[in-house]
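Listing of data.cif, mmCIF, C-alpha atoms
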data_structure
loop_
_atom_site.label_atom_id
_atom_site.label_comp_id
_atom_site.auth_asym_id
_atom_site.auth_seq_id
_atom_site.Cartn_x
_atom_site.Cartn_y
_atom_site.Cartn_z
CA MET A 1089 103.97 59.55 101.58
CA THR A 1090 107.15 57.56 102.20
CA GLU A 1091 106.75 56.18 98.67
CA TYR A 1092 106.88 59.71 97.30
CA THR A 1093 109.94 60.50 99.39
CA GLN A 1094 111.77 57.42 98.20
CA LYS A 1095 110.91 58.03 94.59
CA ILE A 1096 111.98 61.67 94.76
CA ARG A 1097 115.35 60.60 96.20
CA GLU A 1098 115.79 57.94 93.51
CA ILE A 1099 114.94 60.31 90.67
CA ALA A 1100 117.05 63.11 92.11
CA LYS A 1101 120.04 60.83 92.54
CA LYS A 1102 119.72 59.53 89.00
CA LEU A 1103 119.36 62.96 87.41
CA LEU A 1104 122.23 64.48 89.37
CA SER A 1105 124.69 61.65 88.92
CA GLU A 1106 123.94 61.36 85.19
CA GLY A 1107 124.55 65.10 84.93
CA LYS A 1108 121.11 65.73 83.42
CA VAL A 1109 120.42 68.61 85.80
CA ASP A 1110 122.54 71.01 87.85
CA VAL A 1111 120.21 71.26 90.81
CA VAL A 1112 117.16 69.56 92.30
CA ILE A 1113 114.60 71.73 94.06
CA GLY A 1114 112.51 69.86 96.59
CA PHE A 1115 111.58 69.81 100.25
CA ARG A 1116 113.37 68.74 103.39
CA GLU A 1117 112.25 68.52 107.00
CA GLY A 1118 112.12 71.91 108.65
CA THR A 1119 113.76 72.73 111.94
CA VAL A 1120 110.37 72.39 113.64
CA PRO A 1121 107.57 69.92 112.87
CA LEU A 1122 104.77 70.94 110.46
CA MET A 1123 107.21 73.07 108.48
CA ALA A 1124 108.85 71.34 105.55
CA GLU A 1125 111.23 73.78 103.93
CA PRO A 1126 112.38 74.21 100.36
CA CYS A 1127 115.81 72.85 99.63
CA LEU A 1128 118.21 72.93 96.70
CA VAL A 1129 120.41 69.89 96.20
CA SER A 1130 123.24 69.89 93.70
CA ASP A 1131 125.32 67.00 95.01
CA PRO A 1132 124.04 63.42 94.53
CA ALA A 1133 125.23 62.70 98.08
CA GLY A 1134 122.75 65.19 99.45
CA VAL A 1135 119.55 63.67 98.07
CA ASP A 1136 118.74 61.81 101.28
CA GLN A 1137 117.54 64.98 102.93
CA LEU A 1138 114.68 65.29 100.41
CA VAL A 1139 111.23 64.43 101.72
CA PHE A 1140 107.60 64.82 100.76
CA ASN A 1141 104.78 65.06 103.28
CA SER A 1142 101.57 66.96 103.92
CA PHE A 1143 103.36 70.10 105.01
CA CYS A 1144 105.13 70.76 101.71
CA GLY A 1145 102.82 73.66 100.93
CA VAL A 1146 105.51 76.07 99.74
CA ASN A 1147 105.16 76.75 96.03
CA LEU A 1148 108.44 75.72 94.42
CA ALA A 1149 107.63 77.57 91.20
CA ASN A 1150 108.74 80.63 93.16
CA TYR A 1151 112.38 79.57 92.85
CA LEU A 1152 112.46 79.30 89.06
CA PRO A 1153 112.30 82.75 87.45
CA ARG A 1154 115.54 84.01 85.94
CA ARG A 1155 117.52 80.86 86.73
CA LYS A 1156 119.94 79.90 83.99
CA ASP A 1157 120.84 76.34 85.02
CA ARG A 1158 119.07 73.06 84.39
CA ILE A 1159 116.67 72.27 87.20
CA ALA A 1160 114.69 69.29 88.38
CA VAL A 1161 111.80 70.42 90.52
CA VAL A 1162 109.12 68.68 92.56
CA ALA A 1163 105.69 69.90 91.51
CA LYS A 1164 102.28 69.50 93.07
CA GLY A 1165 99.22 70.37 90.98
CA CYS A 1166 99.32 74.08 91.77
CA ASP A 1167 103.13 74.31 91.47
CA SER A 1168 103.00 72.79 88.02
CA ARG A 1169 100.33 75.27 86.94
CA ASN A 1170 102.51 78.11 88.13
CA MET A 1171 105.41 76.61 86.20
CA ALA A 1172 103.25 76.51 83.06
CA GLN A 1173 102.43 80.13 83.73
CA HIS A 1174 106.14 80.97 84.10
CA ILE A 1175 106.88 79.26 80.79
CA ALA A 1176 104.08 81.23 79.08
CA GLU A 1177 105.48 84.44 80.60
CA ASN A 1178 109.03 83.59 79.45
CA GLN A 1179 110.42 83.44 82.96
CA ILE A 1180 111.92 80.02 82.45
CA ASN A 1181 112.51 77.72 79.51
CA ARG A 1182 110.73 74.39 79.34
CA ASP A 1183 114.02 72.76 78.19
CA GLN A 1184 115.68 73.75 81.44
CA LEU A 1185 113.17 71.90 83.54
CA VAL A 1186 112.71 68.33 84.60
CA ILE A 1187 109.40 68.38 86.40
CA ILE A 1188 108.90 65.66 89.00
CA GLY A 1189 105.12 65.54 89.19
CA ALA A 1190 103.51 64.73 92.52
CA PRO A 1191 99.77 64.00 92.40
CA CYS A 1192 98.93 65.98 95.52
CA THR A 1193 97.06 64.51 98.44
CA ARG A 1194 96.40 68.09 99.54
CA MET A 1195 98.36 69.94 102.13
CA MET A 1196 97.63 70.48 105.79
CA ASP A 1197 97.44 73.79 107.55
CA ARG A 1198 99.89 74.06 110.42
CA ARG A 1199 97.72 76.68 112.09
CA LYS A 1200 94.72 74.40 112.12
CA VAL A 1201 96.82 71.59 113.57
CA ALA A 1202 98.17 73.93 116.24
CA ALA A 1203 94.67 75.12 117.06
CA ALA A 1204 93.42 71.53 117.35
CA VAL A 1205 95.92 70.88 120.16
CA ASP A 1206 95.23 74.27 121.78
CA GLY A 1207 98.56 75.69 120.72
CA LYS A 1208 100.61 73.22 122.75
CA ASP A 1209 104.16 72.49 121.65
CA ILE A 1210 104.28 69.78 119.00
CA THR A 1211 107.41 67.68 118.87
CA SER A 1212 106.49 65.23 116.16
CA VAL A 1213 103.77 64.28 113.72
CA ALA A 1214 103.05 61.08 111.83
CA GLU A 1215 100.64 60.47 109.00
CA ALA A 1216 98.83 57.29 108.10
CA ASP A 1217 95.52 56.35 106.46
CA GLY A 1218 93.96 59.79 106.40
CA ARG A 1219 94.92 60.48 110.02
CA LEU A 1220 97.51 62.68 111.56
CA THR A 1221 99.00 61.74 114.92
CA VAL A 1222 100.37 64.74 116.75
CA THR A 1223 102.59 64.26 119.77
CA GLY A 1224 104.13 66.65 122.22
CA PRO A 1225 105.24 66.69 125.83
CA GLY A 1226 102.54 64.87 127.76
CA PHE A 1227 99.94 64.45 125.03
CA GLU A 1228 99.12 62.60 121.86
CA LYS A 1229 96.22 63.43 119.62
CA VAL A 1230 94.86 61.84 116.46
CA LEU A 1231 93.34 64.25 113.97
CA ASP A 1232 91.22 63.61 110.92
CA ARG A 1233 93.16 64.73 107.89
CA GLU A 1234 90.19 66.42 106.21
CA SER A 1235 89.62 68.68 109.20
CA VAL A 1236 93.07 70.29 109.06
CA LEU A 1237 93.50 70.80 105.31
CA GLN A 1238 94.56 74.21 104.04
CA ASP A 1239 91.51 76.20 102.94
CA ASN A 1240 92.63 76.36 99.33
CA CYS A 1241 93.50 72.65 99.27
CA ALA A 1242 90.07 71.71 100.58
CA ILE A 1243 88.51 73.25 97.47
CA CYS A 1244 91.30 72.28 95.06
CA VAL A 1245 90.10 70.86 91.76
CA HIS A 1246 93.50 70.32 90.13
CA VAL A 1247 95.61 68.13 92.37
CA ASN A 1248 97.39 66.46 89.46
CA PRO A 1249 100.33 68.16 87.76
CA VAL A 1250 99.55 69.61 84.34
CA LEU A 1251 103.18 69.23 83.25
CA SER A 1252 105.55 66.47 84.21
CA ASP A 1253 108.54 64.51 83.02
CA GLU A 1254 108.52 62.01 85.85
CA MET A 1255 105.51 61.02 87.90
CA LEU A 1256 105.70 59.89 91.51
CA ALA A 1257 102.38 58.04 91.33
CA ASP A 1258 99.35 57.56 89.12
CA PRO A 1259 97.06 60.59 88.83
CA LEU A 1260 94.54 60.90 91.64
CA PRO A 1261 90.82 61.46 91.13
CA GLU A 1262 89.88 65.14 91.01
CA GLN A 1263 87.07 66.41 93.18
CA GLU A 1264 84.18 68.53 91.98
CA LYS A 1265 83.71 71.51 94.22
CA ASP A 1266 81.91 74.81 94.26
CA ARG A 1267 84.95 76.99 94.82
CA TYR A 1268 83.41 80.38 95.31
CA THR A 1269 80.86 80.33 98.15
CA ASP A 1270 82.77 82.88 100.24
CA ILE A 1271 83.30 85.18 97.26
CA ARG A 1272 79.60 85.23 96.50
CA GLU A 1273 78.92 86.39 100.04
CA VAL A 1274 81.24 89.35 99.56
CA GLU A 1275 79.77 90.09 96.15
CA ALA A 1276 76.29 90.31 97.64
CA MET A 1277 77.33 93.15 99.95
CA THR A 1278 76.74 96.80 99.14
CA PRO A 1279 79.88 98.81 98.29
CA GLY A 1280 79.79 100.36 101.76
CA GLU A 1281 79.55 97.03 103.57
CA ARG A 1282 82.26 95.61 101.37
CA TYR A 1283 84.62 98.44 102.19
CA ALA A 1284 84.00 97.91 105.89
CA HIS A 1285 84.51 94.17 105.42
CA PHE A 1286 87.87 94.66 103.73
CA GLU A 1287 89.01 97.18 106.31
CA GLU A 1288 88.15 94.68 109.01
CA LEU A 1289 89.81 91.82 107.12
CA LEU A 1290 93.04 93.77 106.72
CA SER A 1291 93.04 95.45 110.10
CA GLY A 1292 95.76 93.08 111.31
CA CYS A 1293 98.03 93.54 108.29
CA ILE A 1294 101.52 94.66 109.29
CA ARG A 1295 102.67 95.20 105.69
CA CYS A 1296 105.54 92.73 105.92
CA TYR A 1297 104.99 91.76 102.25
CA ALA A 1298 105.40 88.08 103.10
CA CYS A 1299 102.43 87.35 100.81
CA ARG A 1300 104.20 89.06 97.96
CA ASN A 1301 107.50 87.33 98.60
CA ALA A 1302 105.92 83.90 98.83
CA CYS A 1303 103.90 84.41 95.67
CA PRO A 1304 105.35 82.78 92.54
CA LEU A 1305 103.69 85.47 90.41
CA CYS A 1306 105.41 88.35 92.19
CA TYR A 1307 108.72 88.36 90.36
CA CYS A 1308 108.77 92.00 89.20
CA PRO A 1309 112.31 93.43 89.57
CA THR A 1310 110.82 96.43 91.38
CA CYS A 1311 107.47 95.98 93.03
CA PHE A 1312 105.08 98.95 92.86
CA VAL A 1313 105.16 99.25 96.65
CA ASP A 1314 108.89 99.90 96.53
CA GLU A 1315 108.68 102.58 93.87
CA SER A 1316 109.15 106.08 95.18
CA LYS A 1317 108.77 108.29 92.12
CA PRO A 1318 105.83 108.34 91.94
CA GLN A 1319 104.99 106.72 95.22
CA TRP A 1320 101.86 104.72 94.49
CA VAL A 1321 101.35 103.58 98.02
CA GLY A 1322 102.55 104.90 101.39
CA LYS A 1323 104.80 102.84 103.62
CA SER A 1324 102.63 103.10 106.70
CA ILE A 1325 99.96 100.76 107.96
CA ASP A 1326 97.36 103.40 107.24
CA PRO A 1327 94.19 101.49 106.21
CA THR A 1328 94.07 103.18 102.79
CA ASP A 1329 97.67 102.22 102.08
CA THR A 1330 97.09 98.63 103.16
CA LEU A 1331 93.99 98.35 101.01
CA THR A 1332 95.81 99.86 98.04
CA PHE A 1333 98.61 97.34 98.39
CA HIS A 1334 96.32 94.33 98.58
CA PHE A 1335 94.02 95.47 95.77
CA LEU A 1336 96.83 96.29 93.39
CA ARG A 1337 98.66 93.08 94.15
CA ALA A 1338 95.48 91.17 93.41
CA PHE A 1339 95.02 93.02 90.13
CA HIS A 1340 98.55 92.05 89.11
CA CYS A 1341 97.66 88.42 89.72
CA ALA A 1342 94.45 88.54 87.69
CA GLY A 1343 94.27 85.65 85.26
CA ARG A 1344 97.56 84.26 86.59
CA CYS A 1345 96.75 83.14 90.12
CA THR A 1346 96.34 79.40 90.57
CA ASP A 1347 95.08 79.67 94.15
CA CYS A 1348 98.12 77.79 95.48
CA GLY A 1349 97.62 79.45 98.86
CA ALA A 1350 101.24 80.58 99.23
CA CYS A 1351 100.18 84.09 100.28
CA GLU A 1352 97.90 82.83 102.99
CA ARG A 1353 100.43 80.30 104.32
CA ALA A 1354 103.05 83.00 104.54
CA CYS A 1355 100.90 85.56 106.32
CA PRO A 1356 102.18 85.87 109.89
CA VAL A 1357 98.88 87.25 111.16
CA GLY A 1358 96.62 84.78 109.33
CA ILE A 1359 94.76 87.14 107.00
CA ASN A 1360 92.65 85.49 104.35
CA VAL A 1361 94.66 87.11 101.55
CA ARG A 1362 93.21 84.75 98.97
CA GLN A 1363 89.90 86.52 99.12
CA PHE A 1364 91.18 89.20 96.74
CA THR A 1365 92.90 86.99 94.19
CA LYS A 1366 90.05 84.52 94.27
CA LYS A 1367 87.50 87.11 93.21
CA LEU A 1368 89.58 87.85 90.12
CA GLU A 1369 90.07 84.15 89.54
CA LYS A 1370 86.30 83.73 89.62
CA ASP A 1371 85.83 86.59 87.16
CA CYS A 1372 88.35 85.06 84.76
CA LYS A 1373 86.54 81.76 84.96
CA GLU A 1374 83.14 83.31 84.35
CA LEU A 1375 84.06 85.94 81.76
CA PHE A 1376 86.74 84.11 79.80
CA ASP A 1377 86.33 80.49 80.88
CA TRP A 1378 89.96 80.64 81.88
CA GLU A 1379 91.92 78.83 84.55
CA ALA A 1380 95.50 79.96 84.93
CA GLY A 1381 98.40 77.71 84.07
CA MET A 1382 96.55 74.79 82.55
CA SER A 1383 98.83 74.86 79.51
CA PRO A 1384 102.01 76.81 78.71
CA ASP A 1385 100.95 77.21 75.08
CA VAL A 1386 97.66 79.09 75.39
CA ARG A 1387 97.90 82.86 75.78
CA PRO A 1388 96.03 84.19 78.82
CA PRO A 1389 92.86 86.24 78.17
CA LEU A 1390 94.33 89.45 79.54
CA ASP A 1391 97.06 89.62 76.91
CA THR A 1392 94.94 88.74 73.93
CA PHE A 1393 92.11 90.63 72.31
CA ARG A 1394 89.01 89.08 70.85
CA PRO A 1395 86.19 91.13 69.36
CA ASP A 1396 83.73 89.25 71.54
CA ASP A 1397 85.54 90.08 74.79
CA PRO A 1398 83.03 91.19 77.41
CA GLY A 1399 82.74 94.97 77.32
CA LYS A 1400 79.44 95.76 78.97
CA PHE A 1401 81.04 98.16 81.41
CA ILE A 1402 82.04 100.52 78.59
CA LYS A 1403 79.50 103.15 77.68
CA MET B 417 78.67 128.12 100.87
CA ALA B 418 77.90 127.32 97.28
CA GLU B 419 76.43 123.94 96.37
CA TRP B 420 78.94 121.08 96.53
CA GLU B 421 80.44 120.18 93.17
CA PRO B 422 82.16 116.84 92.56
CA LYS B 423 85.75 116.60 91.40
CA ILE B 424 86.36 114.00 88.74
CA ALA B 425 89.66 112.79 87.33
CA ALA B 426 89.20 112.11 83.63
CA PHE B 427 91.75 109.97 81.81
CA PHE B 428 91.40 110.56 78.08
CA CYS B 429 93.09 108.80 75.20
CA ASN B 430 95.05 111.28 73.11
CA TRP B 431 93.50 110.01 69.89
CA CYS B 432 89.87 109.47 70.85
CA THR B 433 88.16 111.27 73.67
CA TYR B 434 90.79 113.98 73.92
CA GLY B 435 90.02 114.74 70.28
CA ALA B 436 86.31 114.68 70.99
CA ALA B 437 86.77 117.09 73.89
CA ASP B 438 88.78 119.36 71.64
CA LEU B 439 86.08 119.20 68.98
CA ALA B 440 83.42 119.97 71.57
CA GLY B 441 85.48 122.98 72.54
CA VAL B 442 85.97 124.38 69.04
CA SER B 443 82.28 123.75 68.35
CA ARG B 444 81.49 125.92 71.39
CA MET B 445 79.41 123.22 73.08
CA GLN B 446 78.50 123.66 76.74
CA TYR B 447 79.36 121.03 79.33
CA PRO B 448 79.92 121.05 83.07
CA PRO B 449 83.42 121.91 84.29
CA ASN B 450 83.73 119.27 87.03
CA PHE B 451 86.43 117.10 85.58
CA ARG B 452 90.17 117.59 85.37
CA VAL B 453 91.50 116.04 82.20
CA ILE B 454 94.60 113.88 82.23
CA ARG B 455 95.75 113.06 78.75
CA ILE B 456 97.27 109.63 78.23
CA PRO B 457 98.96 108.51 75.00
CA CYS B 458 96.47 105.68 74.54
CA THR B 459 93.94 103.96 76.75
CA GLY B 460 96.40 101.08 76.78
CA ARG B 461 98.54 103.26 79.04
CA MET B 462 95.80 103.09 81.66
CA SER B 463 96.55 101.15 84.81
CA PRO B 464 94.54 100.29 87.92
CA LYS B 465 97.27 102.16 89.79
CA PHE B 466 96.13 105.46 88.30
CA ILE B 467 92.53 104.93 89.35
CA LEU B 468 93.49 104.06 92.92
CA ALA B 469 95.99 106.92 93.02
CA ALA B 470 93.22 109.31 91.97
CA PHE B 471 90.82 108.06 94.64
CA ARG B 472 93.57 108.22 97.23
CA ARG B 473 94.12 111.87 96.43
CA GLY B 474 90.49 112.53 97.16
CA VAL B 475 88.66 112.74 93.85
CA ASP B 476 84.96 111.93 93.91
CA GLY B 477 84.93 110.02 90.64
CA VAL B 478 87.13 108.66 87.89
CA TRP B 479 86.26 108.57 84.22
CA VAL B 480 88.36 106.60 81.78
CA SER B 481 87.58 107.16 78.15
CA GLY B 482 89.18 105.79 75.01
CA MET C 1245 86.30 96.47 96.34
CA GLY C 1246 84.18 98.97 98.15
CA ILE C 1247 84.09 101.79 95.65
CA ASP C 1248 80.63 102.68 94.35
CA PRO C 1249 80.28 101.60 90.73
CA GLY C 1250 78.83 105.05 90.03
CA ARG C 1251 82.19 106.63 90.81
CA LEU C 1252 84.14 104.86 88.11
CA HIS C 1253 83.15 105.20 84.49
CA PHE C 1254 84.52 103.79 81.27
CA SER C 1255 83.49 104.98 77.85
CA TRP C 1256 84.54 104.84 74.25
CA ILE C 1257 84.21 108.06 72.30
CA SER C 1258 85.68 108.63 68.86
CA SER C 1259 87.41 111.95 68.21
CA ALA C 1260 84.52 112.91 65.91
CA GLU C 1261 81.81 112.42 68.52
CA ALA C 1262 81.75 115.76 70.30
CA THR C 1263 78.03 115.43 71.06
CA LYS C 1264 78.47 112.01 72.63
CA PHE C 1265 81.33 113.47 74.65
CA VAL C 1266 79.12 116.21 76.05
CA ASP C 1267 76.35 113.69 76.81
CA VAL C 1268 78.61 111.27 78.61
CA ALA C 1269 80.39 114.06 80.50
CA THR C 1270 77.07 115.36 81.80
CA LYS C 1271 75.94 111.88 82.79
CA VAL C 1272 79.17 111.00 84.59
CA ILE C 1273 79.05 114.23 86.58
CA GLU C 1274 75.38 113.74 87.48
CA GLU C 1275 76.01 110.25 88.77
CA VAL C 1276 79.00 111.23 90.87
CA LYS C 1277 77.12 114.24 92.18
CA ALA C 1278 74.24 112.01 93.26
CA LEU C 1279 76.67 109.92 95.33
CA GLY C 1280 78.07 112.92 97.17
CA PRO C 1281 81.65 113.45 98.29
CA ALA C 1282 83.90 110.37 98.36
CA ASP C 1283 84.74 109.24 101.88
CA ARG C 1284 86.28 105.86 101.19
CA PHE C 1285 89.81 105.19 100.06
CA VAL C 1286 90.82 108.79 100.60
CA LYS C 1287 94.36 109.34 101.85
CA GLU C 1288 94.61 113.09 101.49
CA LYS C 1289 92.27 115.91 100.57
CA ALA C 1290 92.10 116.78 96.89
CA GLN C 1291 94.50 119.57 96.22
CA VAL C 1292 92.84 121.01 93.16
CA ALA C 1293 90.18 123.63 93.69
#

Please go through the file and, once you have read it, give me the structure as C-alpha cells.
Amino acid sequence: MTEYTQKIREIAKKLLSEGKVDVVIGFREGTVPLMAEPCLVSDPAGVDQLVFNSFCGVNLANYLPRRKDRIAVVAKGCDSRNMAQHIAENQINRDQLVIIGAPCTRMMDRRKVAAAVDGKDITSVAEADGRLTVTGPGFEKVLDRESVLQDNCAICVHVNPVLSDEMLADPLPEQEKDRYTDIREVEAMTPGERYAHFEELLSGCIRCYACRNACPLCYCPTCFVDESKPQWVGKSIDPTDTLTFHFLRAFHCAGRCTDCGACERACPVGINVRQFTKKLEKDCKELFDWEAGMSPDVRPPLDTFRPDDPGKFIK
Amino acid sequence: MAEWEPKIAAFFCNWCTYGAADLAGVSRMQYPPNFRVIRIPCTGRMSPKFILAAFRRGVDGVWVSG
Amino acid sequence: MGIDPGRLHFSWISSAEATKFVDVATKVIEEVKALGPADRFVKEKAQVA
C-alpha cells in the first residue's frame, strides 16, 4: 500500500508542477482511523497528504460531473467504470481526465472492523501481508483481511481499472465469483413475502439521502424526491414513501450501477441498499449481457433499441 | 354492498391503444368499465414513477399499453 | 418488488385493433379482480369512485 501512496504522490507532483492538470483528486487520512477522506490538491506542495489504503472506499467518480477544469483522479476498478459511464453520459470529457489507475486490493468495511473489536475505540490501524492490526487503548488485535472486506468488494470481479493513463501497479488477477446468491433468495419469495422483506429491510431508514449523495450516478440537478409539483414521494418516513424512494432510485441506476458500494458505505444505519440496485444489475447481465461502465464507447442497453430486445412481458 | 370492482389506471399511447379504444367505442363494442384512462403522448413518456404513483394512490392494477 | 405481477400489465395494441383492445381489457380486469383489492404500497385511498 505504501508503494501506491508514494507513486500517487510522485505522479500528482509531476502533473501539477508541469501544469498538465489543475487539480488532483485522491484520498488523504481522515480525522479518525478507518476513514480515508476524499481530497482535492491543486498545489504541488500539498501532494504529501495523499495516501492510498484499504479504507479508500469512497467513489471518486462522484466528484467529476460538470467540472470544467483538467483533473487527475485516482481510480479503483469500480471508480474507473463509473468514470467510463460518466464519459458515455457526457458528464465529463475524456480529454479533461488523467486517470491514475489503482488495481484494487479490495476495500475493508469499517463497520466489520469495529464489530470485530466489539466497538471499542480504535486509535490506529496497520496493514501488512493480508492482515490488519487494530490498536486502541489497552488492546491490540490482528484481523484477517478477507474477513473484514466490504460485501461488494468480496464479490468484486473487476478490481482492475478499465481506463487509465497512469498505472500504480501491474493488473491484479480477477476472481471468478457467483455474485447473485442473495438476490436469488429474494427472487424465490412470493410477492407478499418480498414486500414484507423489503419493509423489514428498510424499517431503519431515516431518509437522510446519504445513499443518493454518495452515489456517482445520482447527479440529477433536481432529484425526484425533491420535486414538489407533482410530489412523487412524501417527505416522511412512512414505509410506502421509503419504499418508493429506494425503488425509484434503483430504477434510475438500472444498467448504470457498477456495484461500487458507495450507497451502502454511506448509510448511517447500515441498510443493505445494494440489494435493490444489484437485482437490476443482475437483470441487465442476464437480459442484455451488459455490465455497466466497461467501455465509454458502447451505448448502454437501456438507451438503444434492438429488434431482438427481450419483450416477453408485453402482451 | 355491491360486488367489489377493481380500479385500474390505464396508461395509453395517444397513437396506438388510445386509438384502439376510440375505435372500440365508435364500433359500439362492449367492455368492462373498470379502468380510468390516462392518455400519454407516446409510450416513451411512460416512467416507473407513474406506476408507483398510481399504486400509491390506491389503484388495484396498472395497465400500460402502447 | 412486492407487487403481484398480475397487477401490472403491458401490452401493444395498434389503433386498428379494437377487438384485441376489448380482449386485453377484459383479461386485465379479470386478473386484477382475482387478486382482490391492493393492500401493498398504498399511501392513500383511491379518490376516484

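Taking CA of Gly474 in chain B and CA of Asp1248 in chain C as the two end points, the separation is 14.2 Å.
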
query: Using all atoms listed in the file, which of B:Cys432, B:Ile456, B:Ala469, B:Ile424 sits nearest chain C?
result: B:Cys432

query: What do you get, as an MDAnalysis selection string, if you spell out every residue that the PyMOL selection byres ((chain B and resi 434) around 12) selects here?
result: (chainID B and resid 426:433 435:441 453:459 480:482) or (chainID C and resid 1256:1262 1265)

task: Using the chain letters and numbering of this document, enumerate as a PyMOL selection string the residues selected by the PyMOL selection byres ((chain A) within 8 of (chain B)).
output: chain A and resi 1320+1328+1332+1336+1339

Dump as CSV the rows for residues of chain C within 12 Å of chain A: closest atom pair and distance in Å with one decimal, all atoms listed in the file counted, ordered by chain and rising residue number.
residue,atom,partner,partner_atom,distance
C:Met1245,CA,A:Tyr1283,CA,6.4
C:Gly1246,CA,A:Tyr1283,CA,4.1
C:Ile1247,CA,A:Pro1279,CA,5.8
C:Asp1248,CA,A:Pro1279,CA,5.6
C:Pro1249,CA,A:Pro1279,CA,8.1
C:Gly1250,CA,A:Pro1279,CA,10.4
C:Arg1251,CA,A:Pro1279,CA,11.1
C:Leu1252,CA,A:Phe1401,CA,10.0
C:His1253,CA,A:Ile1402,CA,7.6
C:Phe1254,CA,A:Ile1402,CA,4.9
C:Ser1255,CA,A:Lys1403,CA,4.4
C:Trp1256,CA,A:Lys1403,CA,6.3
C:Ile1257,CA,A:Lys1403,CA,8.7
C:Lys1264,CA,A:Lys1403,CA,10.3
C:Phe1265,CA,A:Lys1403,CA,10.9
C:Asp1267,CA,A:Lys1403,CA,11.0
C:Val1268,CA,A:Lys1403,CA,8.2
C:Ala1269,CA,A:Lys1403,CA,11.3
C:Lys1271,CA,A:Lys1403,CA,10.7
C:Val1272,CA,A:Lys1403,CA,10.5
C:Leu1279,CA,A:Gly1280,CA,11.9
C:Ala1282,CA,A:Gly1280,CA,11.3
C:Asp1283,CA,A:Gly1280,CA,10.2
C:Arg1284,CA,A:Tyr1283,CA,7.7
C:Phe1285,CA,A:Thr1328,CA,5.4
C:Val1286,CA,A:Thr1328,CA,6.8
C:Lys1287,CA,A:Thr1328,CA,6.2
C:Glu1288,CA,A:Thr1328,CA,10.0

- prompt: Which value, in Å to one decimal, gives the distance between CA of Thr1211 in chain A and CA of Cys1192 in chain A?
  reply: 24.9 Å

- prompt: Which neighbours of range 1274-1276 of chain C fall inside 8 Å, counting only C-alpha atoms, when residues of the same chain fewer than 4 positions from it are skipped, and could you give them as a list in words?
  reply: Pro422, Asp476 and Gly477 of chain B; Gly1250, Arg1251, Thr1270 and Gly1280 of chain C

field: Shell of 9 Å around range 1195-1201 of chain A, all atoms listed in the file, local chain residues under 4 positions omitted, as a list in words
entry: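 Listed by chain and then number, they are Leu1122, Met1123, Asn1141, Ser1142, Phe1143, Cys1144, Gly1145, Val1205, Asp1206, Gly1207, Val1222, Leu1231, Arg1233, Glu1234, Ser1235, Val1236, Leu1237, Gln1238, Asp1239, Cys1241, Ala1242, Arg1353 and Gly1358 of chain A.
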